[in-house]
>>> print(open('model.txt').read())   # compact mmCIF, C-alpha atoms
# COMPACT_ATOMS: atom_id res chain seq x y z
CA MET A 146 43.85 -14.79 115.62
CA ARG A 147 42.44 -18.27 115.43
CA LEU A 148 42.55 -18.47 119.23
CA ILE A 149 40.49 -15.28 119.54
CA SER A 150 37.82 -16.51 117.13
CA CYS A 151 37.69 -19.81 118.98
CA GLU A 152 37.18 -17.96 122.27
CA SER A 153 34.48 -15.67 120.86
CA SER A 154 32.58 -18.60 119.36
CA ARG A 155 32.74 -20.31 122.75
CA ASN A 156 31.34 -17.17 124.38
CA LEU A 157 28.59 -17.07 121.77
CA GLN A 158 27.81 -20.69 122.54
CA ARG A 159 27.57 -19.86 126.25
CA VAL A 160 25.22 -16.93 125.59
CA GLY A 161 23.14 -19.16 123.33
CA LEU A 162 23.00 -21.86 125.99
CA LEU A 163 21.93 -19.30 128.63
CA ALA A 164 19.23 -17.89 126.35
CA ALA A 165 18.00 -21.41 125.55
CA LEU A 166 17.88 -22.26 129.26
CA ALA A 167 16.06 -18.98 130.00
CA LEU A 168 13.48 -19.88 127.37
CA ALA A 169 13.24 -23.48 128.59
CA LEU A 170 12.66 -22.43 132.20
CA ASN A 171 10.19 -19.75 131.16
CA GLY A 172 6.52 -20.40 131.72
CA CYS A 173 3.54 -18.19 130.95
CA PHE A 174 0.40 -18.78 132.99
CA VAL A 175 -2.33 -16.81 134.70
CA THR A 176 -4.54 -16.99 137.80
CA ARG A 177 -7.84 -15.10 137.45
CA LEU A 178 -10.08 -13.77 140.20
CA GLU A 179 -13.42 -12.95 138.59
CA ALA A 180 -17.07 -13.27 139.51
CA PRO A 181 -19.00 -16.20 138.06
CA ASP A 182 -21.78 -15.17 135.65
CA ASN A 183 -24.99 -13.93 137.30
CA GLN A 184 -23.47 -13.90 140.79
CA THR A 185 -22.62 -10.90 142.95
CA VAL A 186 -19.40 -11.41 144.89
CA ARG A 187 -17.77 -8.88 147.18
CA LEU A 188 -13.98 -8.68 147.07
CA LEU A 189 -12.68 -9.16 150.61
CA PRO A 190 -9.92 -6.98 152.11
CA LYS A 191 -6.90 -8.85 153.47
CA ASP A 192 -7.70 -8.32 157.16
CA GLU A 193 -11.38 -9.33 157.13
CA LEU A 194 -12.50 -12.68 158.55
CA ALA A 195 -12.97 -15.51 156.05
CA ARG A 196 -14.69 -18.70 157.18
CA TYR A 197 -13.89 -20.70 154.05
CA ARG A 198 -10.33 -21.44 152.91
CA THR A 199 -8.85 -23.77 150.33
CA GLU A 200 -5.35 -24.23 148.90
CA TYR A 201 -4.37 -26.05 145.75
CA LYS A 202 -1.79 -26.26 142.98
CA ASN A 203 -2.41 -25.62 139.31
CA PHE A 204 -0.28 -27.54 136.83
CA TYR A 205 0.70 -26.26 133.40
CA LEU A 206 2.38 -28.29 130.65
CA LEU A 207 4.65 -27.12 127.84
CA TYR A 208 5.71 -23.75 129.23
CA GLY A 209 2.20 -22.87 130.45
CA ALA A 210 0.64 -23.33 127.01
CA LEU A 211 -1.33 -26.37 128.07
CA PRO A 212 -3.04 -26.08 131.49
CA LEU A 213 -3.71 -29.41 133.19
CA TRP A 214 -7.03 -29.33 135.05
CA PRO A 215 -6.61 -25.67 135.97
CA VAL A 216 -8.88 -24.53 138.77
CA GLN A 217 -9.50 -20.81 138.72
CA PRO A 218 -10.79 -19.08 141.88
CA SER A 219 -14.06 -18.18 140.08
CA GLU A 220 -14.85 -21.91 139.77
CA ILE A 221 -14.43 -22.32 143.52
CA ILE A 222 -16.56 -19.23 144.16
CA ALA A 223 -19.35 -20.72 142.04
CA LYS A 224 -19.03 -24.23 143.48
CA GLU A 225 -18.92 -23.12 147.11
CA HIS A 226 -21.53 -20.35 146.66
CA LEU A 227 -19.23 -17.71 148.12
CA VAL A 228 -20.62 -14.18 148.37
CA GLU A 229 -17.30 -12.72 149.55
CA ALA A 230 -13.90 -13.83 148.30
CA ARG A 231 -10.21 -13.03 148.04
CA ALA A 232 -7.29 -14.99 146.62
CA GLN A 233 -3.55 -15.26 146.96
CA THR A 234 -0.95 -16.73 144.63
CA ARG A 235 2.20 -18.18 146.10
CA ASP A 236 5.32 -19.43 144.37
CA THR A 237 7.04 -21.97 146.56
CA VAL A 238 10.34 -23.84 146.42
CA SER A 239 8.41 -27.04 145.70
CA ASP A 240 7.06 -25.41 142.51
CA GLY A 241 10.62 -24.79 141.35
CA VAL A 242 11.67 -28.34 142.20
CA ILE A 243 8.71 -29.81 140.26
CA THR A 244 9.67 -27.68 137.25
CA ALA A 245 13.32 -28.74 137.52
CA ILE A 246 12.47 -32.44 137.71
CA SER A 247 10.12 -32.09 134.73
CA MET A 248 13.00 -30.54 132.75
CA LEU A 249 14.75 -33.90 132.80
CA PHE A 250 11.92 -35.19 130.62
CA PRO A 251 10.91 -33.69 127.27
CA ILE A 252 7.89 -31.90 128.80
CA SER A 253 8.20 -28.99 131.22
CA VAL A 254 5.67 -28.66 134.02
CA PHE A 255 5.01 -25.36 135.78
CA THR A 256 2.98 -25.12 138.96
CA GLN A 257 1.32 -22.30 140.83
CA HIS A 258 0.05 -22.48 144.41
CA VAL A 259 -3.30 -20.71 144.90
CA VAL A 260 -5.18 -19.87 148.12
CA VAL A 261 -8.89 -18.91 147.96
CA GLU A 262 -10.70 -17.56 151.01
CA GLY A 263 -14.23 -16.30 151.43
CA ASN A 264 -17.62 -16.41 153.11
CA ARG A 265 -20.92 -17.99 152.18
CA ALA A 266 -24.23 -16.14 152.73
CA GLY A 267 -24.91 -18.45 155.69
CA ASP A 268 -21.58 -17.55 157.33
CA LEU A 269 -22.37 -13.85 157.10
CA ALA A 270 -25.86 -14.34 158.56
CA ARG A 271 -24.41 -16.38 161.44
CA ASP A 272 -21.80 -13.69 162.13
CA ARG A 273 -24.46 -10.98 162.12
CA LEU A 274 -26.60 -12.97 164.53
CA MET A 275 -23.61 -13.59 166.81
CA ARG A 276 -22.73 -9.88 166.81
CA HIS A 277 -26.36 -9.05 167.63
CA ASP A 278 -26.35 -11.52 170.55
CA LEU A 279 -23.06 -10.08 171.84
CA ASP A 280 -24.50 -6.57 171.68
CA ARG A 281 -27.48 -7.72 173.73
CA LEU A 282 -25.19 -9.29 176.34
CA LYS A 283 -23.25 -6.05 176.87
CA PRO A 284 -24.26 -4.10 179.99
CA PRO A 285 -26.29 -0.93 179.29
CA LYS A 286 -24.25 2.25 178.98
CA THR A 287 -24.34 4.50 182.03
CA ALA A 288 -24.06 8.27 182.13
CA PRO A 289 -20.40 9.46 182.20
CA ASP A 290 -20.82 11.45 185.46
CA THR A 291 -21.95 8.37 187.40
CA GLN A 292 -18.98 6.25 186.28
CA ALA A 293 -16.45 5.32 188.93
CA PRO A 294 -13.06 6.99 188.30
CA GLY A 295 -10.32 4.79 186.97
CA PRO A 296 -6.92 4.41 188.61
CA GLY A 297 -5.29 6.89 186.21
CA ASP A 298 -8.07 9.49 186.37
CA ASP A 299 -7.61 12.79 188.16
CA VAL A 300 -9.97 12.85 191.09
CA ALA A 301 -10.96 16.18 192.53
CA PRO A 302 -10.35 16.37 196.30
CA ALA A 303 -13.49 15.91 198.34
CA PRO A 304 -14.82 19.15 199.90
CA PRO A 305 -14.11 19.48 203.63
CA ALA A 306 -16.91 18.20 205.79
CA THR A 307 -19.00 20.96 207.40
CA ARG A 308 -20.95 20.64 210.61
CA MET B 142 41.52 -55.25 128.14
CA THR B 143 40.95 -51.72 129.29
CA ARG B 144 38.38 -50.98 131.95
CA ILE B 145 35.73 -48.35 131.13
CA PRO B 146 35.15 -46.03 134.07
CA GLN B 147 31.49 -46.91 134.64
CA GLY B 148 30.95 -44.49 137.49
CA PHE B 149 31.97 -41.46 135.48
CA HIS B 150 28.71 -40.94 133.53
CA ALA B 151 26.49 -41.73 136.49
CA SER B 152 28.22 -39.31 138.84
CA SER B 153 28.27 -36.50 136.29
CA GLY B 154 24.57 -37.11 135.64
CA ILE B 155 23.81 -36.91 139.37
CA ARG B 156 25.90 -33.76 139.65
CA LEU B 157 24.06 -32.19 136.72
CA SER B 158 20.66 -33.13 138.17
CA ALA B 159 21.62 -31.75 141.58
CA ALA B 160 22.88 -28.53 140.00
CA LEU B 161 19.65 -28.21 138.03
CA LEU B 162 17.56 -28.76 141.18
CA VAL B 163 19.53 -26.16 143.15
CA PHE B 164 19.34 -23.72 140.25
CA ALA B 165 15.58 -24.24 139.89
CA ALA B 166 15.08 -23.80 143.64
CA LEU B 167 17.06 -20.55 143.51
CA LEU B 168 15.22 -19.48 140.38
CA SER B 169 11.74 -20.18 141.67
CA GLY B 170 11.57 -17.68 144.54
CA CYS B 171 8.63 -17.56 146.92
CA GLY B 172 6.66 -14.42 146.20
CA ASP B 173 3.12 -13.98 147.54
CA ILE B 174 0.63 -11.82 145.64
CA TYR B 175 -2.69 -10.81 147.17
CA LEU B 176 -5.84 -10.43 145.08
CA ASP B 177 -7.76 -8.36 147.63
CA ALA B 178 -9.76 -5.16 148.20
CA PRO B 179 -8.70 -2.02 150.10
CA ARG B 180 -9.60 -1.96 153.79
CA GLY B 181 -13.20 -0.86 154.42
CA ALA B 182 -14.04 -0.58 150.71
CA GLN B 183 -17.09 -2.02 149.00
CA VAL B 184 -15.70 -3.59 145.82
CA ASN B 185 -17.50 -6.26 143.82
CA LEU B 186 -15.87 -8.78 141.53
CA MET B 187 -16.60 -8.38 137.82
CA PRO B 188 -17.49 -11.24 135.49
CA ALA B 189 -14.96 -12.12 132.80
CA LYS B 190 -16.94 -10.70 129.87
CA LYS B 191 -18.02 -7.36 131.37
CA PRO B 192 -16.26 -4.38 129.73
CA ALA B 193 -13.82 -2.47 131.93
CA GLN B 194 -12.94 1.21 131.62
CA ILE B 195 -9.66 0.94 133.46
CA ARG B 196 -6.79 -1.50 133.09
CA ASP B 197 -3.55 -1.24 135.02
CA GLU B 198 -0.52 -3.51 135.20
CA GLN B 199 1.85 -3.58 138.13
CA VAL B 200 5.22 -5.32 137.99
CA VAL B 201 6.07 -6.73 141.41
CA TRP B 202 9.72 -7.22 142.32
CA PHE B 203 10.80 -9.38 145.23
CA LYS B 204 14.11 -9.59 147.03
CA TRP B 205 15.81 -12.45 148.89
CA TRP B 206 14.18 -15.08 146.66
CA GLY B 207 10.69 -13.77 147.27
CA ASN B 208 11.01 -13.62 151.03
CA GLU B 209 10.32 -9.89 150.97
CA PRO B 210 8.84 -7.57 148.32
CA PHE B 211 10.67 -4.37 147.41
CA HIS B 212 7.52 -2.36 148.04
CA GLU B 213 4.87 -4.22 150.07
CA PRO B 214 1.78 -2.34 148.70
CA GLU B 215 2.74 -3.46 145.17
CA THR B 216 1.92 -7.06 146.09
CA HIS B 217 -1.73 -6.10 146.75
CA ALA B 218 -4.37 -5.55 144.08
CA ALA B 219 -5.96 -3.28 146.70
CA THR B 220 -3.35 -0.61 145.87
CA ILE B 221 -4.51 -0.32 142.24
CA ILE B 222 -8.21 -0.53 143.21
CA GLU B 223 -7.73 2.31 145.68
CA ARG B 224 -5.73 4.41 143.18
CA TYR B 225 -8.55 4.37 140.63
CA HIS B 226 -11.44 4.31 143.15
CA LEU B 227 -12.80 1.13 141.57
CA THR B 228 -16.13 -0.23 142.79
CA GLU B 229 -15.92 -3.36 140.67
CA ALA B 230 -12.82 -5.18 139.51
CA ARG B 231 -11.36 -8.40 138.21
CA ILE B 232 -7.77 -9.35 138.96
CA ARG B 233 -5.17 -11.49 137.23
CA MET B 234 -1.80 -12.66 138.48
CA VAL B 235 0.24 -13.27 135.36
CA ASN B 236 3.59 -14.89 134.88
CA THR B 237 4.38 -13.24 131.55
CA PHE B 238 7.06 -14.21 129.06
CA ALA B 239 9.02 -11.12 130.14
CA ASP B 240 8.69 -12.12 133.82
CA GLY B 241 10.06 -15.58 133.10
CA PHE B 242 12.90 -14.34 130.92
CA ILE B 243 14.02 -11.57 133.28
CA SER B 244 13.58 -13.79 136.36
CA PHE B 245 15.90 -16.36 134.77
CA PHE B 246 18.76 -13.88 135.24
CA SER B 247 17.55 -11.95 138.32
CA GLY B 248 15.95 -14.93 140.13
CA PRO B 249 19.11 -16.95 140.94
CA VAL B 250 20.61 -13.89 142.66
CA GLY B 251 17.40 -13.43 144.63
CA PHE B 252 15.21 -10.99 142.68
CA PRO B 253 12.25 -12.67 140.97
CA ARG B 254 9.43 -10.65 139.42
CA ARG B 255 5.71 -11.15 138.68
CA THR B 256 2.92 -9.08 137.12
CA LEU B 257 -0.42 -8.09 138.62
CA VAL B 258 -3.21 -6.90 136.29
CA VAL B 259 -6.37 -5.16 137.53
CA GLU B 260 -9.32 -4.24 135.32
CA GLY B 261 -12.39 -2.46 136.58
CA ASN B 262 -14.86 0.38 136.66
CA PRO B 263 -14.85 3.32 139.05
CA GLY B 264 -17.96 4.25 140.97
CA PRO B 265 -20.14 7.25 140.04
CA THR B 266 -18.64 9.36 142.81
CA ALA B 267 -15.04 8.66 141.81
CA ALA B 268 -12.92 11.49 140.50
CA ALA B 269 -12.50 11.69 136.73
CA THR B 270 -8.74 11.43 137.01
CA PRO B 271 -7.00 8.77 139.06
CA THR B 272 -4.82 9.61 142.01
CA PRO B 273 -1.25 9.90 140.70
CA LYS B 274 1.22 7.19 141.61
CA GLU B 275 3.48 7.83 144.55
>>> encode(input="model.txt", output="structure tokens")
Amino acid sequence: MRLISCESSRNLQRVGLLAALALALNGCFVTRLEAPDNQTVRLLPKDELARYRTEYKNFYLLYGALPLWPVQPSEIIAKEHLVEARAQTRDTVSDGVITAISMLFPISVFTQHVVVEGNRAGDLARDRLMRHDLDRLKPPKTAPDTQAPGPGDDVAPAPPATR
Amino acid sequence: MTRIPQGFHASSGIRLSAALLVFAALLSGCGDIYLDAPRGAQVNLMPAKKPAQIRDEQVVWFKWWGNEPFHEPETHAATIIERYHLTEARIRMVNTFADGFISFFSGPVGFPRRTLVVEGNPGPTAAATPTPKE
């Protein structure tokens, strides 16, 4: 009987330890993609060209409660005068290792890797100009009946020559 | 005089640290979440204080320590924006308390989770009811 109670208390201790570890390794933090005040910013799709790109890590202390110099994408949008933007958050192995090392000390540090991409108004104007120049360089379109047949095209046999 | 095994504490400390590092590396996962717009759509970003009519949360599950999502479209904010026909939106990638707690148990076996929150307003031409989830 005493053995059983001893075993159950040990199990309870294990569950308690797991729960404590789960809480200790638990961080709450957020990465926001918003427009800065009084600025119109288009949200970029994933496959569209972005001329500007930056990557950085945000650090959070005490389970995410205390952000250390957090840089949100909206700050970068405002600073770099982006008119188009998209962002990406990435959790890497290095983030986990930083958190683990910080656990050895009384404070726990959580990190989040953020990628911000976008275009400035100047980039868009340059792209438009380049597209315009490319369009001008293209040869003028010819009528379809005057085009030479391609290798795969069916060519009607030439009519027999008459004298 | 008895000799105290000096190396005992040091080696167990190293072992514990190594175990903690490996556990944290397994726990962390490597999930990517994209805060983007649907292809070909004209969506503007909303300022923080502007009221939003629609708010949707999407829990994103990854497998193989974040190497691959369970459902790729869930990792894109574009999926929610498209579902509600939003013309303006703001996006948040949140590591919630629930994410951290659940990932503590699911993460070491390779299944971390994150949360994606999208708030926004649909355009005037959007349907009154959103497209149902697949």
>>> residues_around(input="model.txt", residues="B:Leu186", least_positions_apart="6", cutoff="9 Å", atoms="only C-alpha atoms", output="list of chain:residue names")
A:Leu178, A:Glu179, A:Ala180, A:Pro181, A:Thr185, A:Val186, A:Arg187, A:Leu188, A:Ala230, B:Thr228, B:Glu229, B:Ala230, B:Arg231, B:Ile232, B:Gly261
>>> residues_around(input="model.txt", residues="B:Lys204", least_positions_apart="4", cutoff="12 Å", atoms="all atoms listed in the file", output="CSV table (one decimal) with C-alpha atoms, in the frame of the given file")
chain,number,residue,atom,x,y,z
B,167,LEU,CA,17.1,-20.6,143.5
B,168,LEU,CA,15.2,-19.5,140.4
B,170,GLY,CA,11.6,-17.7,144.5
B,171,CYS,CA,8.6,-17.6,146.9
B,172,GLY,CA,6.7,-14.4,146.2
B,173,ASP,CA,3.1,-14.0,147.5
B,208,ASN,CA,11.0,-13.6,151.0
B,209,GLU,CA,10.3,-9.9,151.0
B,210,PRO,CA,8.8,-7.6,148.3
B,211,PHE,CA,10.7,-4.4,147.4
B,212,HIS,CA,7.5,-2.4,148.0
B,213,GLU,CA,4.9,-4.2,150.1
B,244,SER,CA,13.6,-13.8,136.4
B,247,SER,CA,17.6,-12.0,138.3
B,248,GLY,CA,16.0,-14.9,140.1
B,249,PRO,CA,19.1,-17.0,140.9
B,250,VAL,CA,20.6,-13.9,142.7
B,251,GLY,CA,17.4,-13.4,144.6
B,252,PHE,CA,15.2,-11.0,142.7
B,253,PRO,CA,12.2,-12.7,141.0
B,254,ARG,CA,9.4,-10.6,139.4
B,255,ARG,CA,5.7,-11.2,138.7
>>> closest_residue(input="model.txt", among="A:Ile252, A:Cys173, A:Ala232, A:Leu194", to="A:Ala210", atoms="only C-alpha atoms")
A:Cys173
>>> closest_residue(input="model.txt", among="B:Asn262, B:Ser153, B:Asn185, B:Gln199", to="chain A", atoms="only C-alpha atoms")
B:Asn185
>>> residues_around(input="model.txt", residues="B:Ala178", least_positions_apart="5", cutoff="9 Å", atoms="only C-alpha atoms", output="PyMOL selection string")
(chain A and resi 187-191+231) or (chain B and resi 183-185+217-220+222-223)
>>> closest_residue(input="model.txt", among="A:Tyr197, A:Phe204, A:Trp214, A:Phe255", to="chain B", atoms="only C-alpha atoms")
A:Phe255
>>> closest_atom_pairs(input="model.txt", of="chain B", to="chain A", cutoff="6 Å", atoms="only C-alpha atoms", output="tab-separated table")
residue	atom	partner	partner_atom	distance
B:Leu162	CA	A:Ala245	CA	5.6
B:Ala165	CA	A:Gly241	CA	5.2
B:Ala166	CA	A:Gly241	CA	5.1
B:Ser169	CA	A:Gly241	CA	4.8
B:Cys171	CA	A:Asp236	CA	4.6
B:Gly172	CA	A:Asp236	CA	5.5
B:Asp173	CA	A:Arg235	CA	4.5
B:Ile174	CA	A:Thr234	CA	5.3
B:Tyr175	CA	A:Gln233	CA	4.5
B:Leu176	CA	A:Ala232	CA	5.0
B:Asp177	CA	A:Pro190	CA	5.2
B:Ala178	CA	A:Pro190	CA	4.3
B:Pro179	CA	A:Pro190	CA	5.5
B:Arg180	CA	A:Pro190	CA	5.3
B:Val184	CA	A:Leu188	CA	5.5
B:Asn185	CA	A:Arg187	CA	4.3
B:Leu186	CA	A:Ala180	CA	5.1
B:Met187	CA	A:Ala180	CA	5.2
B:Pro188	CA	A:Ala180	CA	4.5
B:Arg231	CA	A:Glu179	CA	5.0
B:Ile232	CA	A:Leu178	CA	5.1
B:Arg233	CA	A:Arg177	CA	4.5
B:Met234	CA	A:Thr176	CA	5.2
B:Val235	CA	A:Val175	CA	4.4
B:Asn236	CA	A:Cys173	CA	5.1
B:Thr237	CA	A:Cys173	CA	5.1
B:Phe238	CA	A:Cys173	CA	5.6
B:Gly241	CA	A:Asn171	CA	4.6
B:Phe242	CA	A:Ala167	CA	5.7
B:Phe245	CA	A:Ala167	CA	5.4
>>> atom_distance(input="model.txt", atom1="atom CA of A:Leu157", atom2="atom CA of B:Leu157")
21.7 Å
